[in-house]
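Engineer: Got input00.cif for you, mmCIF, C-alpha atoms:
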data_target
#
loop_
_atom_site.label_atom_id
_atom_site.label_comp_id
_atom_site.auth_asym_id
_atom_site.auth_seq_id
_atom_site.Cartn_x
_atom_site.Cartn_y
_atom_site.Cartn_z
CA MET R 1 -58.20 -6.79 34.81
CA ALA R 2 -58.92 -9.23 31.96
CA GLU R 3 -57.04 -12.49 31.90
CA ALA R 4 -54.60 -13.06 29.06
CA PRO R 5 -55.95 -15.54 26.49
CA ILE R 6 -54.43 -18.99 26.47
CA SER R 7 -52.16 -19.25 23.49
CA VAL R 8 -53.15 -21.65 20.77
CA GLU R 9 -49.63 -23.04 20.84
CA ALA R 10 -49.94 -23.94 24.52
CA GLN R 11 -52.96 -26.17 23.99
CA PRO R 12 -51.16 -28.83 21.88
CA VAL R 13 -48.30 -28.78 24.38
CA ARG R 14 -50.67 -29.51 27.25
CA ALA R 15 -52.49 -32.16 25.23
CA SER R 16 -49.16 -33.74 24.37
CA LEU R 17 -48.11 -33.74 28.03
CA VAL R 18 -51.36 -35.42 29.10
CA ALA R 19 -50.97 -38.00 26.32
CA ARG R 20 -47.41 -38.73 27.45
CA LEU R 21 -48.49 -39.17 31.06
CA VAL R 22 -51.36 -41.47 30.09
CA GLY R 23 -49.08 -43.42 27.78
CA ASP R 24 -46.38 -43.93 30.42
CA ARG R 25 -47.05 -47.45 31.74
CA LEU R 26 -45.40 -46.79 35.10
CA ILE R 27 -47.46 -43.65 35.73
CA ARG R 28 -50.66 -45.28 34.46
CA ASN R 29 -50.23 -48.35 36.65
CA ASN R 30 -49.33 -46.17 39.62
CA ALA R 31 -52.49 -44.13 39.08
CA ILE R 32 -54.60 -47.30 38.89
CA TYR R 33 -53.05 -48.93 41.93
CA LEU R 34 -52.94 -45.74 43.97
CA ALA R 35 -56.63 -45.18 43.29
CA GLY R 36 -57.36 -48.75 44.28
CA SER R 37 -55.17 -48.48 47.36
CA LEU R 38 -56.91 -45.28 48.42
CA GLY R 39 -60.19 -47.16 48.30
CA VAL R 40 -58.68 -50.05 50.23
CA GLY R 41 -57.15 -47.61 52.71
CA VAL R 42 -60.47 -45.87 53.29
CA VAL R 43 -62.20 -49.18 53.96
CA GLY R 44 -59.32 -50.33 56.14
CA TYR R 45 -59.54 -47.21 58.24
CA VAL R 46 -63.30 -47.61 58.47
CA PHE R 47 -62.53 -50.96 60.13
CA HIS R 48 -60.36 -49.24 62.74
CA PHE R 49 -62.67 -46.25 63.18
CA ALA R 50 -65.75 -48.46 63.51
CA THR R 51 -64.19 -50.92 65.96
CA GLY R 52 -62.63 -48.04 67.92
CA ARG R 53 -65.92 -46.19 68.29
CA LEU R 54 -67.97 -49.31 69.03
CA LEU R 55 -65.53 -50.83 71.52
CA GLY R 56 -63.79 -47.83 73.16
CA PRO R 57 -60.03 -47.31 73.70
CA ALA R 58 -59.37 -50.24 76.04
CA SER R 59 -61.09 -52.92 73.93
CA TYR R 60 -59.90 -51.29 70.70
CA ALA R 61 -56.33 -51.74 71.95
CA VAL R 62 -56.97 -55.51 71.85
CA VAL R 63 -58.21 -55.29 68.25
CA ALA R 64 -55.23 -53.11 67.22
CA ALA R 65 -52.83 -55.56 68.87
CA MET R 66 -54.53 -58.42 66.99
CA VAL R 67 -54.15 -56.59 63.67
CA SER R 68 -50.48 -55.88 64.40
CA ALA R 69 -49.89 -59.47 65.49
CA LEU R 70 -51.59 -60.66 62.29
CA SER R 71 -49.24 -58.47 60.30
CA LEU R 72 -46.29 -60.11 62.03
CA LEU R 73 -47.78 -63.55 61.34
CA SER R 74 -48.22 -62.57 57.69
CA LEU R 75 -44.46 -62.80 57.14
CA PRO R 76 -44.78 -66.02 55.06
CA SER R 77 -47.57 -64.37 53.06
CA ILE R 78 -45.36 -61.44 52.15
CA VAL R 79 -42.57 -63.81 51.13
CA LEU R 80 -44.92 -65.87 48.97
CA GLN R 81 -46.39 -62.80 47.29
CA THR R 82 -42.96 -61.31 46.57
CA THR R 83 -41.66 -64.60 45.16
CA ALA R 84 -44.79 -65.22 43.10
CA ALA R 85 -44.66 -61.67 41.71
CA ARG R 86 -41.00 -61.83 40.69
CA TYR R 87 -41.12 -65.20 38.98
CA THR R 88 -44.50 -64.59 37.37
CA SER R 89 -42.98 -61.44 35.90
CA LEU R 90 -39.92 -63.31 34.63
CA LEU R 91 -42.01 -66.16 33.17
CA THR R 92 -44.30 -63.63 31.51
CA ALA R 93 -41.25 -62.29 29.67
CA ARG R 94 -40.72 -65.87 28.44
CA SER R 95 -44.37 -66.05 27.28
CA ASP R 96 -44.83 -69.38 29.09
CA PRO R 97 -48.22 -69.40 30.89
CA GLY R 98 -47.90 -73.11 31.64
CA ALA R 99 -44.76 -72.47 33.66
CA ILE R 100 -46.66 -69.82 35.65
CA ARG R 101 -49.37 -72.38 36.41
CA ARG R 102 -46.79 -74.90 37.62
CA LEU R 103 -45.09 -72.26 39.75
CA LEU R 104 -48.37 -71.33 41.44
CA LEU R 105 -49.13 -75.00 42.15
CA GLN R 106 -45.69 -75.55 43.67
CA LEU R 107 -46.03 -72.47 45.87
CA SER R 108 -49.49 -73.64 46.97
CA LEU R 109 -48.09 -77.01 48.08
CA ALA R 110 -45.38 -75.22 50.07
CA CYS R 111 -48.14 -73.08 51.55
CA LEU R 112 -49.99 -76.13 52.86
CA LEU R 113 -46.88 -77.27 54.71
CA GLY R 114 -46.40 -73.80 56.14
CA VAL R 115 -50.01 -73.70 57.32
CA LEU R 116 -49.59 -76.92 59.28
CA VAL R 117 -46.36 -75.80 60.94
CA MET R 118 -47.33 -72.20 61.68
CA GLY R 119 -50.85 -73.08 62.82
CA GLY R 120 -49.62 -75.76 65.18
CA VAL R 121 -46.99 -73.53 66.75
CA LEU R 122 -49.40 -70.64 67.25
CA ILE R 123 -52.10 -72.84 68.76
CA ALA R 124 -49.56 -74.35 71.16
CA LEU R 125 -48.38 -70.89 72.21
CA ALA R 126 -51.87 -69.36 72.38
CA PRO R 127 -51.99 -68.93 76.20
CA ALA R 128 -48.56 -67.26 76.26
CA VAL R 129 -49.41 -64.94 73.35
CA ALA R 130 -52.72 -63.98 74.94
CA GLY R 131 -50.99 -63.28 78.25
CA TYR R 132 -48.30 -61.06 76.69
CA LEU R 133 -50.89 -58.97 74.86
CA HIS R 134 -53.22 -58.91 77.88
CA ILE R 135 -55.99 -60.62 75.88
CA ALA R 136 -58.40 -62.41 78.18
CA ASP R 137 -59.90 -64.78 75.57
CA ALA R 138 -57.34 -67.19 74.05
CA ARG R 139 -59.81 -68.02 71.27
CA LEU R 140 -58.79 -64.75 69.64
CA VAL R 141 -55.31 -66.19 69.16
CA TYR R 142 -56.82 -69.24 67.41
CA LEU R 143 -58.62 -66.87 65.05
CA LEU R 144 -55.31 -65.16 64.35
CA ALA R 145 -53.85 -68.55 63.41
CA LEU R 146 -56.72 -69.19 61.00
CA ALA R 147 -56.52 -65.73 59.44
CA SER R 148 -52.77 -65.97 58.92
CA ALA R 149 -53.11 -69.43 57.32
CA LEU R 150 -55.74 -68.17 54.89
CA GLY R 151 -53.56 -65.18 54.11
CA LEU R 152 -50.90 -67.53 52.73
CA LEU R 153 -53.19 -68.80 50.00
CA VAL R 154 -54.41 -65.42 48.84
CA ALA R 155 -50.84 -64.06 48.87
CA ILE R 156 -49.87 -66.48 46.09
CA THR R 157 -52.65 -65.40 43.76
CA ARG R 158 -52.07 -61.73 44.56
CA GLY R 159 -48.38 -62.14 43.75
CA ALA R 160 -49.32 -63.60 40.37
CA LEU R 161 -51.62 -60.65 39.66
CA GLN R 162 -48.84 -58.23 40.63
CA GLY R 163 -46.29 -59.99 38.43
CA LEU R 164 -48.76 -59.91 35.53
CA ARG R 165 -49.32 -56.18 36.22
CA ARG R 166 -53.05 -56.78 36.66
CA PHE R 167 -53.37 -53.92 39.11
CA VAL R 168 -57.10 -53.40 38.61
CA ALA R 169 -57.81 -57.01 39.53
CA LEU R 170 -55.33 -56.86 42.40
CA SER R 171 -56.92 -53.70 43.82
CA LEU R 172 -60.44 -55.14 43.60
CA ASN R 173 -59.34 -58.30 45.39
CA ILE R 174 -57.80 -56.44 48.32
CA LEU R 175 -60.83 -54.14 48.46
CA LEU R 176 -63.12 -57.16 48.69
CA ASP R 177 -61.02 -58.52 51.57
CA MET R 178 -61.18 -55.28 53.56
CA THR R 179 -64.88 -54.69 52.86
CA THR R 180 -65.72 -58.16 54.10
CA ARG R 181 -63.79 -57.47 57.32
CA VAL R 182 -65.69 -54.24 57.96
CA VAL R 183 -69.13 -55.70 57.29
CA VAL R 184 -68.51 -58.81 59.40
CA ALA R 185 -66.84 -56.89 62.26
CA VAL R 186 -69.54 -54.23 62.55
CA GLY R 187 -72.34 -56.78 62.27
CA LEU R 188 -70.89 -59.08 64.92
CA ILE R 189 -69.88 -56.31 67.33
CA LEU R 190 -73.37 -54.83 67.12
CA GLY R 191 -74.68 -58.35 67.66
CA GLY R 192 -72.85 -58.50 70.99
CA PHE R 193 -69.73 -60.49 70.05
CA GLY R 194 -67.30 -57.69 71.03
CA THR R 195 -63.65 -58.27 70.19
CA MET R 196 -64.49 -61.83 69.13
CA GLY R 197 -66.53 -60.36 66.27
CA ALA R 198 -63.50 -58.38 65.08
CA GLY R 199 -61.38 -61.56 65.24
CA ILE R 200 -63.86 -63.51 63.13
CA ALA R 201 -63.84 -60.67 60.60
CA LEU R 202 -60.06 -60.89 60.23
CA ALA R 203 -60.47 -64.51 59.09
CA ALA R 204 -63.56 -63.94 56.91
CA GLY R 205 -61.85 -61.39 54.64
CA PRO R 206 -59.13 -63.65 53.18
CA ILE R 207 -61.59 -66.55 52.68
CA ILE R 208 -63.73 -64.46 50.33
CA ALA R 209 -60.72 -62.78 48.70
CA TYR R 210 -58.97 -66.06 47.84
CA THR R 211 -62.08 -67.48 46.24
CA GLN R 212 -62.49 -64.38 44.08
CA SER R 213 -58.79 -64.19 43.12
CA LEU R 214 -59.01 -67.49 41.25
CA TYR R 215 -61.28 -65.97 38.61
CA PRO R 216 -58.81 -63.57 36.91
CA LEU R 217 -56.21 -66.39 36.88
CA ARG R 218 -58.55 -68.99 35.40
CA ARG R 219 -56.79 -69.07 32.02
CA PHE R 220 -53.69 -70.58 33.64
CA ALA R 221 -55.72 -73.61 34.75
CA ARG R 222 -55.93 -74.63 31.08
CA SER R 223 -52.22 -74.08 30.36
CA SER R 224 -49.58 -76.79 30.38
CA THR R 225 -45.83 -76.89 29.88
CA THR R 226 -42.91 -79.26 30.01
CA THR R 227 -40.76 -76.54 31.53
CA SER R 228 -40.41 -76.24 35.29
CA PRO R 229 -39.69 -72.94 37.05
CA PRO R 230 -36.09 -72.67 38.34
CA LEU R 231 -36.74 -74.00 41.84
CA THR R 232 -33.15 -73.65 43.02
CA ASP R 233 -33.15 -70.00 42.05
CA VAL R 234 -36.60 -69.58 43.62
CA GLY R 235 -35.31 -71.07 46.88
CA ARG R 236 -32.30 -68.76 47.05
CA TYR R 237 -34.40 -65.73 46.26
CA THR R 238 -36.94 -66.72 48.89
CA LEU R 239 -34.27 -66.39 51.59
CA SER R 240 -33.76 -62.74 50.66
CA ALA R 241 -37.50 -62.19 50.55
CA ILE R 242 -37.86 -63.73 54.01
CA VAL R 243 -35.38 -61.29 55.51
CA ALA R 244 -37.02 -58.35 53.75
CA ALA R 245 -40.53 -59.35 54.80
CA ALA R 246 -39.45 -60.06 58.37
CA GLY R 247 -37.67 -56.74 58.74
CA ILE R 248 -40.44 -54.65 57.17
CA THR R 249 -43.24 -56.39 59.05
CA TYR R 250 -41.34 -56.22 62.33
CA LEU R 251 -40.58 -52.51 62.00
CA LEU R 252 -44.15 -51.71 61.01
CA ASN R 253 -45.76 -53.45 63.97
CA ILE R 254 -43.38 -53.93 66.86
CA ASP R 255 -43.93 -50.43 68.21
CA VAL R 256 -47.69 -51.04 68.63
CA ILE R 257 -47.05 -54.38 70.34
CA LEU R 258 -44.42 -52.93 72.68
CA ALA R 259 -46.69 -49.96 73.40
CA LYS R 260 -49.46 -52.39 74.33
CA HIS R 261 -47.02 -54.13 76.67
CA TYR R 262 -45.43 -51.08 78.34
CA LEU R 263 -48.15 -48.41 78.34
CA PRO R 264 -51.43 -48.34 80.29
CA SER R 265 -54.49 -49.51 78.32
CA HIS R 266 -55.79 -46.02 77.53
CA GLU R 267 -52.41 -44.71 76.38
CA SER R 268 -51.69 -47.83 74.32
CA GLY R 269 -55.05 -47.34 72.60
CA LEU R 270 -54.12 -43.74 71.79
CA TYR R 271 -50.73 -44.86 70.46
CA ALA R 272 -52.40 -47.54 68.33
CA ALA R 273 -54.72 -44.92 66.81
CA GLY R 274 -51.76 -42.66 65.96
CA ALA R 275 -49.87 -45.56 64.40
CA VAL R 276 -52.90 -46.52 62.31
CA LEU R 277 -53.28 -42.96 61.03
CA GLY R 278 -49.59 -42.74 60.17
CA ARG R 279 -49.65 -46.00 58.25
CA VAL R 280 -51.76 -44.54 55.45
CA ILE R 281 -48.52 -43.01 54.15
CA PHE R 282 -46.71 -46.33 54.36
CA PHE R 283 -49.42 -48.24 52.54
CA LEU R 284 -49.58 -45.69 49.73
CA GLY R 285 -45.81 -46.01 49.47
CA MET R 286 -46.20 -49.77 49.18
CA THR R 287 -48.45 -49.29 46.15
CA VAL R 288 -45.72 -47.29 44.43
CA ALA R 289 -43.14 -49.97 45.29
CA SER R 290 -45.47 -52.73 44.09
CA VAL R 291 -45.87 -51.09 40.68
CA MET R 292 -42.12 -50.44 40.43
CA PHE R 293 -41.18 -54.01 41.35
CA PRO R 294 -42.23 -55.96 38.19
CA GLU R 295 -41.06 -53.14 35.90
CA VAL R 296 -37.54 -53.14 37.35
CA THR R 297 -37.49 -56.96 37.41
CA LEU R 298 -38.19 -57.16 33.66
CA LEU R 299 -35.75 -54.41 32.68
CA HIS R 300 -32.96 -55.79 34.86
CA ALA R 301 -33.48 -59.34 33.52
CA ARG R 302 -33.17 -58.01 29.98
CA GLY R 303 -30.00 -56.09 30.86
CA GLU R 304 -31.72 -52.75 30.23
CA THR R 305 -31.40 -49.58 32.31
CA HIS R 306 -33.91 -49.38 35.13
CA PHE R 307 -32.85 -46.49 37.38
CA HIS R 308 -35.31 -44.12 35.70
CA VAL R 309 -38.15 -46.35 36.97
CA VAL R 310 -36.80 -46.19 40.52
CA GLU R 311 -36.36 -42.43 40.43
CA LYS R 312 -39.83 -41.77 38.99
CA SER R 313 -41.20 -43.89 41.82
CA LEU R 314 -39.14 -41.99 44.41
CA LEU R 315 -40.40 -38.67 43.06
CA LEU R 316 -44.02 -39.80 43.19
CA LEU R 317 -43.64 -41.17 46.70
CA GLY R 318 -41.87 -37.99 47.86
CA ILE R 319 -44.75 -35.86 46.61
CA LEU R 320 -47.34 -38.08 48.31
CA SER R 321 -45.43 -38.20 51.59
CA THR R 322 -44.90 -34.43 51.72
CA GLY R 323 -48.59 -33.82 51.14
CA PHE R 324 -49.64 -36.16 53.93
CA VAL R 325 -47.09 -34.81 56.41
CA LEU R 326 -48.31 -31.26 55.80
CA GLY R 327 -51.93 -32.36 56.13
CA TYR R 328 -51.25 -34.17 59.41
CA ALA R 329 -49.30 -31.17 60.76
CA LEU R 330 -51.84 -28.52 59.78
CA LEU R 331 -55.13 -30.39 60.27
CA PRO R 332 -54.63 -32.94 63.05
CA SER R 333 -58.18 -32.62 64.39
CA LEU R 334 -59.62 -33.39 60.96
CA VAL R 335 -57.40 -36.47 60.62
CA ILE R 336 -58.28 -37.78 64.08
CA GLY R 337 -61.99 -36.93 63.78
CA PRO R 338 -63.27 -40.33 62.61
CA PHE R 339 -61.92 -42.00 65.76
CA GLY R 340 -64.10 -39.74 67.92
CA ALA R 341 -63.59 -37.44 70.91
CA ASN R 342 -61.90 -40.12 73.01
CA PHE R 343 -58.81 -39.98 70.77
CA THR R 344 -58.16 -36.21 70.57
CA GLN R 345 -55.01 -36.58 72.69
CA VAL R 346 -53.30 -38.20 69.69
CA GLY R 347 -53.10 -34.78 67.96
CA PRO R 348 -49.86 -33.35 69.45
CA TYR R 349 -47.68 -36.19 68.17
CA LEU R 350 -49.55 -37.15 65.00
CA VAL R 351 -47.00 -35.37 62.79
CA PHE R 352 -44.22 -37.53 64.29
CA PHE R 353 -46.06 -40.62 63.07
CA ALA R 354 -46.44 -39.05 59.61
CA ILE R 355 -42.73 -38.24 59.27
CA ALA R 356 -41.60 -41.60 60.65
CA LEU R 357 -43.86 -43.56 58.30
CA SER R 358 -42.80 -41.39 55.33
CA PHE R 359 -39.18 -42.29 56.02
CA PHE R 360 -40.17 -45.92 56.32
CA ALA R 361 -42.18 -45.91 53.07
CA ILE R 362 -39.20 -44.57 51.12
CA SER R 363 -36.93 -47.12 52.81
CA VAL R 364 -39.25 -49.94 51.78
CA LEU R 365 -39.19 -48.71 48.19
CA PHE R 366 -35.40 -49.06 48.27
CA VAL R 367 -35.74 -52.57 49.74
CA ASN R 368 -38.10 -53.49 46.90
CA TYR R 369 -35.60 -52.13 44.40
CA PHE R 370 -32.84 -54.38 45.75
CA LEU R 371 -35.22 -57.35 45.80
CA SER R 372 -36.26 -56.74 42.19
CA ILE R 373 -32.62 -57.05 41.04
CA ASN R 374 -31.93 -59.94 43.46
CA ASN R 375 -29.41 -57.96 45.51
CA ARG R 376 -29.00 -58.56 49.27
CA ARG R 377 -27.32 -55.29 50.30
CA PHE R 378 -30.43 -54.12 52.16
CA ILE R 379 -30.20 -56.89 54.78
CA ILE R 380 -27.72 -55.35 57.24
CA PRO R 381 -29.44 -51.92 57.39
CA LEU R 382 -32.87 -53.54 57.82
CA VAL R 383 -31.78 -55.86 60.62
CA ALA R 384 -29.85 -53.05 62.33
CA ALA R 385 -32.90 -50.75 62.24
CA ALA R 386 -35.13 -53.46 63.72
CA ALA R 387 -32.68 -53.98 66.59
CA LEU R 388 -32.28 -50.24 67.12
CA GLU R 389 -36.02 -49.57 67.33
CA THR R 390 -36.60 -52.42 69.77
CA VAL R 391 -33.79 -51.35 72.10
CA LEU R 392 -34.82 -47.70 72.01
CA ILE R 393 -38.48 -48.42 72.83
CA MET R 394 -37.56 -50.86 75.59
CA ALA R 395 -35.32 -48.18 77.12
CA PHE R 396 -37.58 -45.15 76.52
CA HIS R 397 -41.35 -45.65 76.80
CA ALA R 398 -42.57 -42.96 79.20
CA GLY R 399 -45.67 -42.24 77.11
CA PRO R 400 -46.84 -42.28 73.48
CA ARG R 401 -44.75 -39.25 72.47
CA GLN R 402 -41.50 -40.84 73.64
CA VAL R 403 -42.27 -44.14 71.93
CA VAL R 404 -43.02 -42.49 68.57
CA THR R 405 -39.84 -40.39 68.88
CA MET R 406 -37.82 -43.60 69.14
CA VAL R 407 -39.58 -44.90 66.03
CA LEU R 408 -38.75 -41.69 64.15
CA LEU R 409 -35.06 -41.92 65.04
CA SER R 410 -34.93 -45.56 63.90
CA MET R 411 -36.64 -44.84 60.58
CA ALA R 412 -34.32 -41.90 59.86
CA ALA R 413 -31.29 -44.12 60.42
CA LEU R 414 -32.70 -46.83 58.11
CA LEU R 415 -33.45 -44.35 55.32
CA ALA R 416 -29.96 -42.84 55.52
CA MET R 417 -28.28 -46.25 55.20
CA LEU R 418 -30.43 -47.44 52.29
CA THR R 419 -30.11 -44.14 50.42
CA LEU R 420 -26.35 -44.42 50.62
CA LEU R 421 -26.43 -47.98 49.23
CA TYR R 422 -28.68 -46.94 46.34
CA VAL R 423 -26.45 -43.99 45.45
CA VAL R 424 -23.42 -46.29 45.42
CA ASP R 425 -25.25 -48.73 43.14
CA ARG R 426 -26.70 -45.95 40.97
CA PHE R 427 -23.32 -44.54 40.06
CA GLY R 428 -21.79 -47.88 39.23
CA MET R 429 -19.50 -48.50 42.17
CA MET R 430 -20.90 -51.94 43.00
CA ARG R 431 -22.35 -53.52 39.84
CA THR R 432 -23.87 -57.00 39.78
CA ALA R 433 -24.90 -59.16 36.86
CA PRO R 434 -28.62 -59.54 36.11
CA ALA R 435 -30.27 -62.26 38.20
#
Output the file's structure in the form of structure tokens.

Structural biologist:
Amino acid sequence: MAEAPISVEAQPVRASLVARLVGDRLIRNNAIYLAGSLGVGVVGYVFHFATGRLLGPASYAVVAAMVSALSLLSLPSIVLQTTAARYTSLLTARSDPGAIRRLLLQLSLACLLGVLVMGGVLIALAPAVAGYLHIADARLVYLLALASALGLLVAITRGALQGLRRFVALSLNILLDMTTRVVVAVGLILGGFGTMGAGIALAAGPIIAYTQSLYPLRRFARSSTTTSPPLTDVGRYTLSAIVAAAGITYLLNIDVILAKHYLPSHESGLYAAGAVLGRVIFFLGMTVASVMFPEVTLLHARGETHFHVVEKSLLLLGILSTGFVLGYALLPSLVIGPFGANFTQVGPYLVFFAIALSFFAISVLFVNYFLSINNRRFIIPLVAAAALETVLIMAFHAGPRQVVTMVLLSMAALLAMLTLLYVVDRFGMMRTAPA
């Protein structure tokens, strides 16, 4: 049976739809950053797949615990990036590049102080940290201290790129970081350095990335201003960002660390692999939230409506999450394949990771919404969810499946609380003035 011809009238409609999608800044920036994040995600997973295959489950568990611990130590980095992004966005609306330069310099000075404090504390606690994670070589903890310190510097420049909506440059910078980690880790592990090679790679990535990130911001080095950024406002906002970063980072990583503590080495390695595979959904969700953040900040500061930006972002994230959950449920062996035959036991509970991390990704988008309008309502739900997950895992950890079930319950509770707060705000029951 012959197909019906496409109507001539339909062609302009389709062309108009494509033009509208391309012309929508939010969709365009999401497409750019999602594409970049997919590339970053692929390279990031190559790091885990390569180290897992080269080292085996027991040694890979050490690497996974180091990556999770580094994520926890990156709390100041997340705070700095969020603060730099928000105030770069606000100063961009003022068309004052000199003020952006001064802001970045002030944040860099604060970073140096943080490096000294955080590095000293971590070095002093190195034997205790190594003992808790069952890491035989305490030098790996020193490498974590170095990597986290370097991450502070690159977070400032990445926040500026985010606030400027330079998502191509931001994606390339993160991709350079992850590629450097893979190349250095594989080279050193093959050279006989084992887990130490992976630790060196975690520090090498941010060194190269920070150096490169200065190039797209070079024009600010020639700018000057007599206006200083509102430091009092920056300080108050930073407190909210600290709580948000602490809660998100804690919830994302504490399950892997507790699994490493409570489960046997082989099972903790399997759990770490499942958590890594589930996080692809979370990190894609973070790209959507990152694009939404400066858009909502600008609209809210101008007193304009911004809920349409949030809801477009929720729709996009919902579509992405549903696709990944279905893929993980229907094709678990394909998803696990890159880790190798030693990790096939992850399959039966992989879908639980996918659902839990989907709930978490949507929750984090809501947290970013509240941060973008300088609203602290997210704090109680986030802290409560962190406490709930910790208590549940400490009480129920009779294997990887039980641990991930506790994570799923915690993420569902967090999403329910934040959704309720957004609905209340959306329909005007709890209005606040623009920050």

Engineer: Could you pull the residues within 10 Å of stretch 46-60 of chain R, counting all atoms listed in the file, minus those fewer than 3 positions along the same chain, as a PyMOL selection string?

Structural biologist: chain R and resi 40-43+63-67+135+178-186+189-190+194-195+197-198+201+264-270+272-273+276-277+336-343

Engineer: Nearest to R:Asp137: which of R:Met196, R:Val234, R:Val121, R:Leu170 is it, counting all atoms listed in the file?

Structural biologist: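 Smallest separation from R:Asp137 among the options: R:Met196.
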
Engineer: For the structure provided, state which residues fall under the PyMOL selection byres ((chain R and resi 246) around 10), and present them as a VMD selection string.

Structural biologist: chain R and resid 72 to 76 78 to 79 240 to 245 247 to 252 382 to 383 386

Engineer: For stretch 312-318 of chain R, I'd like the enclosing box, axis-aligned and padded by 6 Å on every side, reported as lines of an AutoDock Vina configuration file with centre and edge lengths in Å to one decimal.

Structural biologist:
center_x = -41.6
center_y = -40.9
center_z = 43.4
size_x = 16.9
size_y = 17.9
size_z = 20.9

Engineer: Report as a list in words the residues that result from applying the PyMOL selection byres ((chain R and resi 29-36) around 7) to the structure here.

Structural biologist: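 Those residues are Arg25, Leu26, Ile27, Arg28, Ser37, Leu38, Gly39, Val40, Phe167, Val168, Ser171, Leu284, Thr287, Val288 and Val291 of chain R.
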
Engineer: Keeping only C-alpha atoms, take the residues you just selected and write them out as a compact mmCIF listing (two decimals), in the coordinates of the input.

Structural biologist:
# COMPACT_ATOMS: atom_id res chain seq x y z
CA ARG R 25 -47.05 -47.45 31.74
CA LEU R 26 -45.40 -46.79 35.10
CA ILE R 27 -47.46 -43.65 35.73
CA ARG R 28 -50.66 -45.28 34.46
CA SER R 37 -55.17 -48.48 47.36
CA LEU R 38 -56.91 -45.28 48.42
CA GLY R 39 -60.19 -47.16 48.30
CA VAL R 40 -58.68 -50.05 50.23
CA PHE R 167 -53.37 -53.92 39.11
CA VAL R 168 -57.10 -53.40 38.61
CA SER R 171 -56.92 -53.70 43.82
CA LEU R 284 -49.58 -45.69 49.73
CA THR R 287 -48.45 -49.29 46.15
CA VAL R 288 -45.72 -47.29 44.43
CA VAL R 291 -45.87 -51.09 40.68

Engineer: Just how far from atom CA of R:Leu258 is atom CA of R:Thr390, in Å to one decimal?

Structural biologist: 8.4 Å

Engineer: Quick check on the file I pasted: which residues fall under the PyMOL selection byres ((chain R and resi 367-374) around 7)? Write them as a list of chain:residue names.

Structural biologist: R:Tyr237, R:Ala289, R:Phe293, R:Val296, R:Thr297, R:His300, R:Ser363, R:Val364, R:Leu365, R:Phe366, R:Asn375, R:Arg376, R:Phe378, R:Pro434, R:Ala435

Engineer: Pick out the closest residue to R:Gly98 from this set: R:Leu116, R:Leu217, R:Leu188, R:Leu176. Count all atoms listed in the file.

Structural biologist: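 Closest candidate: R:Leu217.
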
Engineer: Kindly give the distance, in Å, that separates atom CA of R:Met417 and atom CA of R:Ile362, rounded to a single decimal.

Structural biologist: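 The value is 11.8 Å.
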
Engineer: Separation of atom CA of R:Leu105 and atom CA of R:Ala209, in Å?

Structural biologist: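 Atom CA of R:Ala209 lies at a distance of 18.1 Å from atom CA of R:Leu105.
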
Engineer: Kindly add N, CA and C atoms to the incomplete stretch 142-152 of chain R and provide the output as a PDB file, in the frame of the given file.

Structural biologist:
ATOM      1  N   TYR R 142     -56.503 -68.204  68.391  1.00  0.00           N
ATOM      2  CA  TYR R 142     -56.820 -69.240  67.410  1.00  0.00           C
ATOM      3  C   TYR R 142     -57.344 -68.623  66.115  1.00  0.00           C
ATOM      4  N   LEU R 143     -58.136 -67.566  66.246  1.00  0.00           N
ATOM      5  CA  LEU R 143     -58.620 -66.870  65.050  1.00  0.00           C
ATOM      6  C   LEU R 143     -57.476 -66.225  64.288  1.00  0.00           C
ATOM      7  N   LEU R 144     -56.487 -65.720  65.013  1.00  0.00           N
ATOM      8  CA  LEU R 144     -55.310 -65.160  64.350  1.00  0.00           C
ATOM      9  C   LEU R 144     -54.580 -66.246  63.549  1.00  0.00           C
ATOM     10  N   ALA R 145     -54.496 -67.439  64.119  1.00  0.00           N
ATOM     11  CA  ALA R 145     -53.850 -68.550  63.410  1.00  0.00           C
ATOM     12  C   ALA R 145     -54.595 -68.873  62.122  1.00  0.00           C
ATOM     13  N   LEU R 146     -55.917 -68.901  62.188  1.00  0.00           N
ATOM     14  CA  LEU R 146     -56.720 -69.190  61.000  1.00  0.00           C
ATOM     15  C   LEU R 146     -56.562 -68.096  59.955  1.00  0.00           C
ATOM     16  N   ALA R 147     -56.635 -66.842  60.386  1.00  0.00           N
ATOM     17  CA  ALA R 147     -56.520 -65.730  59.440  1.00  0.00           C
ATOM     18  C   ALA R 147     -55.165 -65.707  58.760  1.00  0.00           C
ATOM     19  N   SER R 148     -54.106 -65.984  59.512  1.00  0.00           N
ATOM     20  CA  SER R 148     -52.770 -65.970  58.920  1.00  0.00           C
ATOM     21  C   SER R 148     -52.596 -67.124  57.936  1.00  0.00           C
ATOM     22  N   ALA R 149     -53.189 -68.282  58.229  1.00  0.00           N
ATOM     23  CA  ALA R 149     -53.110 -69.430  57.320  1.00  0.00           C
ATOM     24  C   ALA R 149     -53.828 -69.123  56.005  1.00  0.00           C
ATOM     25  N   LEU R 150     -54.999 -68.529  56.098  1.00  0.00           N
ATOM     26  CA  LEU R 150     -55.740 -68.170  54.890  1.00  0.00           C
ATOM     27  C   LEU R 150     -55.017 -67.101  54.082  1.00  0.00           C
ATOM     28  N   GLY R 151     -54.308 -66.229  54.795  1.00  0.00           N
ATOM     29  CA  GLY R 151     -53.560 -65.180  54.110  1.00  0.00           C
ATOM     30  C   GLY R 151     -52.451 -65.728  53.232  1.00  0.00           C
ATOM     31  N   LEU R 152     -51.926 -66.912  53.565  1.00  0.00           N
ATOM     32  CA  LEU R 152     -50.900 -67.530  52.730  1.00  0.00           C
ATOM     33  C   LEU R 152     -51.427 -67.857  51.339  1.00  0.00           C
TER      34      LEU R 152
END
